[in-house]
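Novice: This is the structure, below, for whatever I ask next.
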Amino acid sequence: IKTFSQEDKMIRDFLNKNEKLKNSGFWAFIFAGFIPKFMNVLNNVSFAIIAGIGGYFAYKGHISIGTIVVFTEYSRQFTRPLNDLSNQFNTLLSAIAGAERVFSIIDEDIEAIDESHINNDQKVIQGEVEYKNVNFSYGKDSNTLTDVSFKVTQGETIALIGPTGAGKTTVVNLLSRFYQINSGDILIDGVSIGQYSRKNLRQQMAFVLQDSFLFKGTIRENIRYGRLDASDEEVEEAAKLANAHSFIMKSSKGYDTILHQDDQQISQGQKQLLSIARAILANPAILILDEATSSIDTITEIKIQEALQRLMQGRTSFVIAHRLNTIKNANQILVLKNGMCIERGSHEELIDKQGFYYELVKHQGMNEDQHIQ
């Protein structure tokens with residue numbers, strides 16, 4: 001707001017929304033207060049009618065005063081439940097509105113609704129992954145992925161590159177079963193991904209994302225989230241392998257230093273190192289790195305690269321990155337464009353083809369610190 005000088009517009013928007021809220025609140029209070037008051041008026045009018053007509057009949061000698069009193073009490077007993085209901089009308093409407101939202105959540109299908117046929121025994125994943133003619137779309141307008149096929153053997157590293165919106169993150173989201181493919185199949189160790197429960201699959205995968213998420217808690221607890229039954233010694237060993245131990249020990253209370261969400265006491269690179277330590281502790285069979293080294297200074301990147309090399313050793317790794325020095329060491333590079341796999345091979349093979357990947361590298365220059373955009 002400040003940098004684009006949009007203060008006046010935001011004030012106008014706020015005043016507009018504030019006016020709508022005032023009008024809605026005004027009429028809500030009018031209707032909420034009207035019904036109890038209306039019932040009170042009816043009660044008093046009925047009492048006046050009974051007293052007037054009863055008094056006239058009593059004056060004429062047709063009924064006694066006691067009959068009028070009894071009749072008045074009968075009238076009160078009849079209207080009291082209506083009065084109570086009217087007084088609770090506002091609460092009732094709020095409860096109904098809340099119930100609608102609650103039931104809409106309850107009616108949602110559980111994520112694992114398609115897993116009733118799956119054996120819940122833990123299947124140990126070795127790490128061989130194969131995509132077979134995979135098609136996927138988030139909506140009905142167009143395919144996000146079209147006929148994507150490739151194979152990664154156990155322990156290999158595959159780099160996914162391409163323009164923004166090419167489908168790189170979608171590829172790994174499908175592998176994690178965050179979404180269901182429309183057609184084709186994904187095989188892990190030769191078994192269709194649909195034969196693995198989501199819990200089993202994700203317990204043997206680890207993610208290092210561009211924006212590392214840290215919970216409110218100690219550094220030790222944040223690292224231990226990768227494997228909750230890990231001992232303190234295992235947590236510290238993971239931190240050492242991730243090159244995070246030195247900066248942790250410089251913190252005020254070491255591993256017991258309290259972190260907060262969006263905490264500024266540690267840098268983005270240090271958050272990445274903690275995220276890598278968490279992944280090392282999880283000891284996954286499949287590793288997913290999504291822009292794990294972006295927006296990091298050169299010195300920190302060297303530490304992160306060293307930690308990632310230790311983490312990726314012997315594991316099947318999917319790397320989404322723009323830095324050439326991260327990409328060129330991959331066993332396979334998958335070039336995506338408009339949801340389709342247009343090139344696949346090693347860095348040297350794709351350079352020799354002089355295709356789309358070659359043009360990307362050529363435009364950025366051969367400096368390893370350059371980015372592929």
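Identifiers for the structure tokens are assigned positionally: chains receive A, B, ... in sequence, residues are indexed from 1 per chain, and ligands are indexed from 1 in the order shown.
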Please, which residues of stretch 99-263 of chain A, numbered as in this document, come out strand (DSSP E) from DSSP, as a PyMOL selection string?

Specialist: chain A and resi 129-136+145-152+157-161+183-188+191-192+205-209+217-218+258-259

Novice: Based on the selection just made, write N, CA and C atoms of those residues as a short mmCIF file (atom, residue, chain, number, x, y, z; two decimals), in the first residue's frame.

Specialist:
```cif
data_model
loop_
_atom_site.label_atom_id
_atom_site.label_comp_id
_atom_site.auth_asym_id
_atom_site.auth_seq_id
_atom_site.Cartn_x
_atom_site.Cartn_y
_atom_site.Cartn_z
N VAL A 129 10.52 -44.90 -9.77
CA VAL A 129 9.29 -44.18 -10.10
C VAL A 129 9.14 -44.13 -11.61
N GLU A 130 7.91 -44.39 -12.08
CA GLU A 130 7.64 -44.32 -13.51
C GLU A 130 6.29 -43.65 -13.75
N TYR A 131 6.27 -42.65 -14.61
CA TYR A 131 5.04 -42.00 -15.06
C TYR A 131 4.68 -42.59 -16.42
N LYS A 132 3.43 -43.04 -16.56
CA LYS A 132 2.98 -43.61 -17.82
C LYS A 132 1.80 -42.83 -18.37
N ASN A 133 2.06 -42.04 -19.40
CA ASN A 133 1.01 -41.30 -20.11
C ASN A 133 0.05 -40.59 -19.13
N VAL A 134 0.63 -39.85 -18.21
CA VAL A 134 -0.16 -39.18 -17.17
C VAL A 134 -0.81 -37.91 -17.72
N ASN A 135 -2.12 -37.80 -17.51
CA ASN A 135 -2.87 -36.59 -17.85
C ASN A 135 -3.56 -36.09 -16.60
N PHE A 136 -3.54 -34.78 -16.42
CA PHE A 136 -4.15 -34.21 -15.22
C PHE A 136 -4.60 -32.78 -15.50
N LEU A 145 -1.26 -31.22 -17.22
CA LEU A 145 -0.26 -32.15 -17.73
C LEU A 145 -0.88 -32.98 -18.84
N THR A 146 -0.12 -33.20 -19.90
CA THR A 146 -0.63 -33.95 -21.05
C THR A 146 0.36 -35.02 -21.45
N ASP A 147 -0.04 -36.27 -21.27
CA ASP A 147 0.73 -37.42 -21.76
C ASP A 147 2.19 -37.38 -21.29
N VAL A 148 2.39 -37.20 -19.99
CA VAL A 148 3.74 -37.13 -19.43
C VAL A 148 4.23 -38.54 -19.09
N SER A 149 5.38 -38.90 -19.63
CA SER A 149 5.95 -40.23 -19.38
C SER A 149 7.45 -40.10 -19.14
N PHE A 150 7.94 -40.75 -18.10
CA PHE A 150 9.37 -40.85 -17.84
C PHE A 150 9.58 -41.90 -16.75
N LYS A 151 10.82 -42.32 -16.58
CA LYS A 151 11.14 -43.32 -15.57
C LYS A 151 12.40 -42.91 -14.82
N VAL A 152 12.37 -43.07 -13.50
CA VAL A 152 13.51 -42.75 -12.64
C VAL A 152 13.87 -44.00 -11.87
N THR A 157 18.59 -38.83 -9.58
CA THR A 157 18.08 -37.48 -9.39
C THR A 157 17.52 -36.98 -10.70
N ILE A 158 16.28 -36.51 -10.68
CA ILE A 158 15.65 -35.95 -11.87
C ILE A 158 15.31 -34.49 -11.60
N ALA A 159 15.73 -33.63 -12.52
CA ALA A 159 15.47 -32.19 -12.39
C ALA A 159 14.31 -31.82 -13.31
N LEU A 160 13.38 -31.04 -12.79
CA LEU A 160 12.23 -30.58 -13.56
C LEU A 160 12.40 -29.08 -13.82
N ILE A 161 12.45 -28.72 -15.09
CA ILE A 161 12.59 -27.30 -15.42
C ILE A 161 11.55 -26.93 -16.46
N SER A 183 -5.94 -39.61 -16.04
CA SER A 183 -5.72 -40.85 -16.79
C SER A 183 -4.23 -41.16 -16.79
N GLY A 184 -3.89 -42.37 -17.22
CA GLY A 184 -2.51 -42.84 -17.13
C GLY A 184 -2.25 -43.48 -15.78
N ASP A 185 -0.99 -43.63 -15.43
CA ASP A 185 -0.65 -44.28 -14.16
C ASP A 185 0.73 -43.83 -13.71
N ILE A 186 0.92 -43.88 -12.40
CA ILE A 186 2.22 -43.63 -11.79
C ILE A 186 2.60 -44.88 -11.02
N LEU A 187 3.76 -45.43 -11.32
CA LEU A 187 4.22 -46.65 -10.68
C LEU A 187 5.38 -46.35 -9.74
N ILE A 188 5.33 -46.92 -8.55
CA ILE A 188 6.44 -46.85 -7.61
C ILE A 188 6.88 -48.27 -7.32
N VAL A 191 4.62 -50.86 -8.81
CA VAL A 191 3.25 -50.99 -8.29
C VAL A 191 2.53 -49.66 -8.48
N SER A 192 1.29 -49.73 -8.95
CA SER A 192 0.51 -48.51 -9.18
C SER A 192 0.40 -47.71 -7.88
N MET A 205 8.47 -40.20 2.16
CA MET A 205 8.87 -39.09 1.31
C MET A 205 9.23 -37.91 2.21
N ALA A 206 10.06 -37.01 1.70
CA ALA A 206 10.39 -35.79 2.44
C ALA A 206 10.39 -34.63 1.47
N PHE A 207 10.02 -33.47 1.97
CA PHE A 207 9.89 -32.28 1.15
C PHE A 207 10.78 -31.17 1.70
N VAL A 208 11.50 -30.53 0.81
CA VAL A 208 12.22 -29.30 1.15
C VAL A 208 11.73 -28.25 0.16
N LEU A 209 10.93 -27.31 0.65
CA LEU A 209 10.26 -26.36 -0.21
C LEU A 209 10.97 -25.01 -0.18
N GLY A 217 7.75 -23.34 18.54
CA GLY A 217 8.33 -24.35 19.41
C GLY A 217 9.84 -24.25 19.36
N THR A 218 10.51 -25.19 19.96
CA THR A 218 11.97 -25.16 19.98
C THR A 218 12.53 -25.64 18.64
N ILE A 258 13.39 -21.05 21.39
CA ILE A 258 12.00 -21.03 20.94
C ILE A 258 11.90 -20.24 19.64
N LEU A 259 11.28 -20.86 18.64
CA LEU A 259 11.01 -20.20 17.36
C LEU A 259 9.53 -19.90 17.26
#
```

Novice: Set the distance at 6 Å and use only C-alpha atoms: which residues neighbour stretch 336-339 of chain A once local chain neighbours fewer than 3 positions away are removed? I'd like the list as a PDB file with N, CA and C atoms, in the first residue's frame.

Specialist:
```
ATOM      1  N   THR A 144      -3.456 -29.561 -17.335  1.00  0.00           N
ATOM      2  CA  THR A 144      -2.227 -29.036 -16.738  1.00  0.00           C
ATOM      3  C   THR A 144      -1.044 -29.895 -17.160  1.00  0.00           C
ATOM      4  N   LEU A 145      -1.263 -31.219 -17.219  1.00  0.00           N
ATOM      5  CA  LEU A 145      -0.259 -32.153 -17.726  1.00  0.00           C
ATOM      6  C   LEU A 145      -0.880 -32.977 -18.835  1.00  0.00           C
ATOM      7  N   THR A 146      -0.124 -33.196 -19.903  1.00  0.00           N
ATOM      8  CA  THR A 146      -0.634 -33.949 -21.049  1.00  0.00           C
ATOM      9  C   THR A 146       0.365 -35.023 -21.450  1.00  0.00           C
ATOM     10  N   GLY A 162      11.374 -25.633 -16.608  1.00  0.00           N
ATOM     11  CA  GLY A 162      10.418 -25.139 -17.582  1.00  0.00           C
ATOM     12  C   GLY A 162       9.870 -23.794 -17.149  1.00  0.00           C
ATOM     13  N   ALA A 166       4.366 -24.450 -16.240  1.00  0.00           N
ATOM     14  CA  ALA A 166       4.583 -25.598 -17.127  1.00  0.00           C
ATOM     15  C   ALA A 166       4.100 -26.901 -16.521  1.00  0.00           C
ATOM     16  N   GLY A 167       3.933 -26.947 -15.178  1.00  0.00           N
ATOM     17  CA  GLY A 167       3.437 -28.166 -14.535  1.00  0.00           C
ATOM     18  C   GLY A 167       4.466 -28.870 -13.682  1.00  0.00           C
ATOM     19  N   ILE A 342       8.773 -31.972 -23.313  1.00  0.00           N
ATOM     20  CA  ILE A 342       9.281 -31.733 -24.661  1.00  0.00           C
ATOM     21  C   ILE A 342      10.716 -32.222 -24.840  1.00  0.00           C
TER      22      ILE A 342
END
```

Novice: In terms of the shortest atom-to-atom distance over only C-alpha atoms, which of A:Ile299, A:Asn44, A:Ile223, A:Asp290 is closest to A:Asn173?

Specialist: A:Asp290

Novice: Distance atom CA of A:Phe47-atom CA of A:Leu92, one decimal place?

Specialist: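 Distance reported for this atom pair: 27.9 Å.
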
Novice: Please report the interatomic distance between atom CA of A:Ser275 and atom CA of A:Phe178 in Å with one decimal.

Specialist: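 That distance, rounded to one decimal, is 20.3 Å.
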
Novice: Show which residues sit within 12 Å of A:Asp84, as a list of chain:residue names. Count only C-alpha atoms, and ignore same-chain residues fewer than 5 positions away.

Specialist: A:Ile35, A:Pro36, A:Lys37, A:Met39, A:Asn40, A:Arg76, A:Gln77, A:Phe78, A:Thr79, A:Phe89, A:Asn90, A:Thr91, A:Leu92

Novice: With C-alpha atoms retained, write the just-selected residues as a compact mmCIF listing (two decimals), in the first residue's frame.

Specialist:
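Output (result_5.txt):
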```
# COMPACT_ATOMS: atom_id res chain seq x y z
CA ILE A 35 -39.84 -10.04 17.30
CA PRO A 36 -39.51 -10.04 21.14
CA LYS A 37 -40.98 -6.56 21.32
CA MET A 39 -44.61 -10.54 21.22
CA ASN A 40 -44.62 -8.31 24.29
CA ARG A 76 -49.93 -16.10 30.10
CA GLN A 77 -49.15 -19.85 30.21
CA PHE A 78 -50.02 -20.13 26.52
CA THR A 79 -47.85 -17.23 25.39
CA PHE A 89 -34.73 -16.32 17.95
CA ASN A 90 -31.46 -14.50 17.24
CA THR A 91 -29.43 -17.26 18.89
CA LEU A 92 -31.41 -19.85 16.94
```

Novice: So that I can see what lies close to A:Glu236, please list as an MDAnalysis selection string the residues with an atom at most 10 Å from it, counting only C-alpha atoms and leaving out residues fewer than 3 positions away in the same chain.

Specialist: chainID A and resid 220 223:224 231:233 239:242 244:245 248 255 277 281

Novice: Store the residues picked out above, limited to N, CA and C atoms, as a tab-separated table (two decimals), in the first residue's frame.

Specialist:
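out.tsv was written with the following content:
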```
chain	number	residue	atom	x	y	z
A	220	ARG	N	14.71	-27.91	18.36
A	220	ARG	CA	14.74	-29.37	18.46
A	220	ARG	C	13.40	-29.98	18.03
A	223	ILE	N	12.92	-29.78	14.18
A	223	ILE	CA	13.67	-30.79	13.44
A	223	ILE	C	13.04	-32.17	13.67
A	224	ARG	N	12.64	-32.45	14.91
A	224	ARG	CA	12.09	-33.76	15.26
A	224	ARG	C	10.76	-34.04	14.54
A	231	SER	N	15.56	-39.61	18.82
A	231	SER	CA	16.19	-39.19	20.08
A	231	SER	C	16.87	-37.84	19.89
A	232	ASP	N	17.27	-37.22	21.00
A	232	ASP	CA	17.97	-35.94	20.92
A	232	ASP	C	19.28	-36.08	20.14
A	233	GLU	N	19.96	-37.21	20.32
A	233	GLU	CA	21.23	-37.42	19.63
A	233	GLU	C	21.00	-37.50	18.11
A	239	ALA	N	21.11	-32.35	12.31
A	239	ALA	CA	21.45	-30.93	12.19
A	239	ALA	C	22.89	-30.77	11.73
A	240	LYS	N	23.80	-31.62	12.21
A	240	LYS	CA	25.19	-31.55	11.78
A	240	LYS	C	25.33	-31.88	10.31
A	241	LEU	N	24.62	-32.91	9.85
A	241	LEU	CA	24.68	-33.29	8.44
A	241	LEU	C	24.09	-32.20	7.55
A	242	ALA	N	23.16	-31.41	8.11
A	242	ALA	CA	22.52	-30.33	7.35
A	242	ALA	C	23.27	-29.01	7.46
A	244	ALA	N	23.58	-27.23	9.99
A	244	ALA	CA	22.79	-26.31	10.81
A	244	ALA	C	23.29	-26.25	12.25
A	245	HIS	N	24.15	-27.18	12.65
A	245	HIS	CA	24.54	-27.29	14.06
A	245	HIS	C	25.27	-26.04	14.55
A	248	ILE	N	22.90	-23.14	15.21
A	248	ILE	CA	21.99	-23.48	16.31
A	248	ILE	C	22.69	-23.27	17.65
A	255	TYR	N	19.59	-25.76	20.98
A	255	TYR	CA	18.47	-26.51	20.41
A	255	TYR	C	17.15	-26.22	21.13
A	277	ALA	N	17.50	-30.53	7.68
A	277	ALA	CA	17.75	-31.41	8.83
A	277	ALA	C	16.52	-32.25	9.14
A	281	LEU	N	16.40	-36.36	8.98
A	281	LEU	CA	15.92	-37.16	10.10
A	281	LEU	C	14.82	-38.13	9.67
```

Novice: Find the residues near A:Gln204: any atom within 12 Å, counting only C-alpha atoms, skip ones fewer than 3 places away on the same chain, and give them as JSON, numbers by chain.

Specialist: {"A": [122, 123, 124, 125, 126, 127, 175, 176, 188, 196, 197, 198, 199, 200, 201, 207, 226, 227, 279, 280, 281, 282, 283, 284, 285, 286, 287, 288, 315, 316]}

Novice: Running DSSP on the backbone, which parts of stretch 92-301 of chain A land in alpha helix (DSSP H), as a ChimeraX atom specification?

Specialist: /A:92-106,168-175,198-203,219-224,232-241,245-249,268-282,298-301
